Amino acid sequence: MAEAIKGLAAIRKHQQEQKEKAEAMNRPKADWFKWPDKHTNVAVVRFLQELDESAEGYQEKDGLGFIQVEHQAPGPDGYKRRANCTLETEGQCYACERHSQDRTLGWRQRQNLYINALVAFGTEKPVKVLIQRNANSSFVQALIEEAVDEGSITNHNFKVTRVGEGTTTQWLLKRMSKDTAFDNTGVEVFDLDETAVRKIDYDKQAEYYGAVYKEESVMGSGSDSTRSESSTDAEW
């Protein structure tokens, strides 16, 4: 039986927690990119957002794809608690503090690319998804070079090929003929700020990450943390 909530301070705290849980549950959801199975290694992608306002295909209503500096909790369930790094915006960040205390646990900063796109696998019709990848990967660097060299990444399809396995997985990017581009007429993009990134105030970060992380669960298992991070870097 749950304990009674006594006292105005405790009641108010409980009500606030319930409100925040309800808001999190009602938060808009995005359709995330995911390879349908381990045997599918080729996707055709048409990006729906540019990386710069000066790009030829930039549309103000669609906004920009962007790189976000984030953290996620260590451990096997850490991916369930990802949030923006607040060191620059608030001058303090729980994850940065934990990382400075012990760099082996997996609290390091992560730089991820968020961008809307249409994606098709094989003969299936394209569906609207959100691609997220490690911004230091060769895939993202190739995409940035395409944006610089060609002036736009939204006017063509791109062939994305997955090669390697596990921590050696890489995505290769190749621009396709312009006349093969998927029709994006009337397609609406996900609001990245609403659906992709999470902004957690500093005073709530310990509790937020703590929902899936307990320090004793990863202490002494640095190799597991390392494998988890390496896999994330390779795949996402």
# chains A, B, ... in the order shown; residues from 1 in each chain; ligands from 1

$ residues_around --residues "range 34-36 of chain A" --least-positions-apart "5" --cutoff "12 Å" --atoms "only C-alpha atoms" --output "list in words"
Asn41, Val42, Ala43, Val44, Val119, Ala120, Phe121, Gly122, Glu124, Val127, Lys128, Val129, Leu130, Ile131, Gln132, Arg133, Val160, Thr161, Arg162, Trp171, Glu235 and Trp236 of chain A

$ residues_around --residues "His71 in chain A" --least-positions-apart "5" --cutoff "7 Å" --atoms "only C-alpha atoms" --output "JSON, numbers by chain"
{"A": [82, 83, 84, 85, 95, 107, 108, 109, 110]}

$ atom_distance --atom1 "CA of Ser138 in chain A" --atom2 "CA of Met176 in chain A"
18.3 Å

$ select_by_dssp --residues "range 139-214 of chain A" --states "alpha helix (DSSP H)" --output "list in words"
Phe139, Val140, Gln141, Ala142, Leu143, Ile144, Glu145, Glu146, Ala147, Val148, Asp149, Glu150, Leu192, Asp193, Glu194, Thr195, Tyr202, Asp203, Lys204, Gln205, Ala206, Glu207, Tyr208, Tyr209 and Gly210 of chain A

$ write_last_selection --atoms "C-alpha atoms" --output "PDB file, in the first residue's frame"
ATOM      1  CA  PHE A 139      27.677  10.061 -42.586  1.00  0.00           C
ATOM      2  CA  VAL A 140      26.973  13.478 -41.068  1.00  0.00           C
ATOM      3  CA  GLN A 141      30.250  14.901 -42.327  1.00  0.00           C
ATOM      4  CA  ALA A 142      29.358  13.723 -45.843  1.00  0.00           C
ATOM      5  CA  LEU A 143      25.939  15.349 -45.538  1.00  0.00           C
ATOM      6  CA  ILE A 144      27.501  18.633 -44.443  1.00  0.00           C
ATOM      7  CA  GLU A 145      29.885  18.511 -47.405  1.00  0.00           C
ATOM      8  CA  GLU A 146      26.929  17.923 -49.740  1.00  0.00           C
ATOM      9  CA  ALA A 147      25.175  20.967 -48.286  1.00  0.00           C
ATOM     10  CA  VAL A 148      28.273  23.124 -48.784  1.00  0.00           C
ATOM     11  CA  ASP A 149      29.257  21.864 -52.242  1.00  0.00           C
ATOM     12  CA  GLU A 150      25.780  21.606 -53.791  1.00  0.00           C
ATOM     13  CA  LEU A 192      12.131  19.074 -33.628  1.00  0.00           C
ATOM     14  CA  ASP A 193      11.996  21.141 -30.447  1.00  0.00           C
ATOM     15  CA  GLU A 194       8.710  19.500 -29.475  1.00  0.00           C
ATOM     16  CA  THR A 195       9.326  15.915 -30.573  1.00  0.00           C
ATOM     17  CA  TYR A 202      19.217  21.659 -13.857  1.00  0.00           C
ATOM     18  CA  ASP A 203      17.420  21.150 -10.553  1.00  0.00           C
ATOM     19  CA  LYS A 204      15.392  18.289 -12.065  1.00  0.00           C
ATOM     20  CA  GLN A 205      18.155  16.520 -13.979  1.00  0.00           C
ATOM     21  CA  ALA A 206      19.302  14.164 -11.196  1.00  0.00           C
ATOM     22  CA  GLU A 207      15.757  12.852 -10.786  1.00  0.00           C
ATOM     23  CA  TYR A 208      15.189  12.693 -14.550  1.00  0.00           C
ATOM     24  CA  TYR A 209      18.274  10.592 -15.274  1.00  0.00           C
ATOM     25  CA  GLY A 210      17.843   8.655 -12.034  1.00  0.00           C
TER      26      GLY A 210
END

$ closest_residue --among "A:Lys29, A:Arg12, A:Lys159, A:Arg103" --to "Arg46 in chain A" --atoms "only C-alpha atoms"
A:Lys159

$ residues_around --residues "Ser177 in chain A" --least-positions-apart "2" --cutoff "9 Å" --atoms "only C-alpha atoms" --output "VMD selection string"
chain A and resid 156 to 158 175 179 to 181

$ atom_distance --atom1 "CA of Gly78 in chain A" --atom2 "CA of His39 in chain A"
26.5 Å

$ atom_distance --atom1 "CA of Lys214 in chain A" --atom2 "CA of Ala73 in chain A"
9.3 Å

$ closest_residue --among "A:Glu70, A:Glu56, A:Gln101, A:Thr167" --to "Thr86 in chain A" --atoms "only C-alpha atoms"
A:Glu70

$ closest_residue --among "A:Ala211, A:Ile5, A:Leu173, A:Val69" --to "Tyr114 in chain A" --atoms "only C-alpha atoms"
A:Val69

$ closest_residue --among "A:Ala196, A:Val189, A:Leu87, A:Leu172" --to "Ser137 in chain A" --atoms "only C-alpha atoms"
A:Leu172

$ select_by_dssp --residues "range 114-187 of chain A" --states "strand (DSSP E or B)" --output "list in words"
Tyr114, Ile115, Asn116, Ala117, Leu118, Val119, Ala120, Val127, Lys128, Val129, Leu130, Ile131, Gln132, Arg133, Asn134, Phe158, Lys159, Val160, Thr161, Arg162, Val163, Gln170, Trp171, Leu172, Leu173, Lys174 and Arg175 of chain A
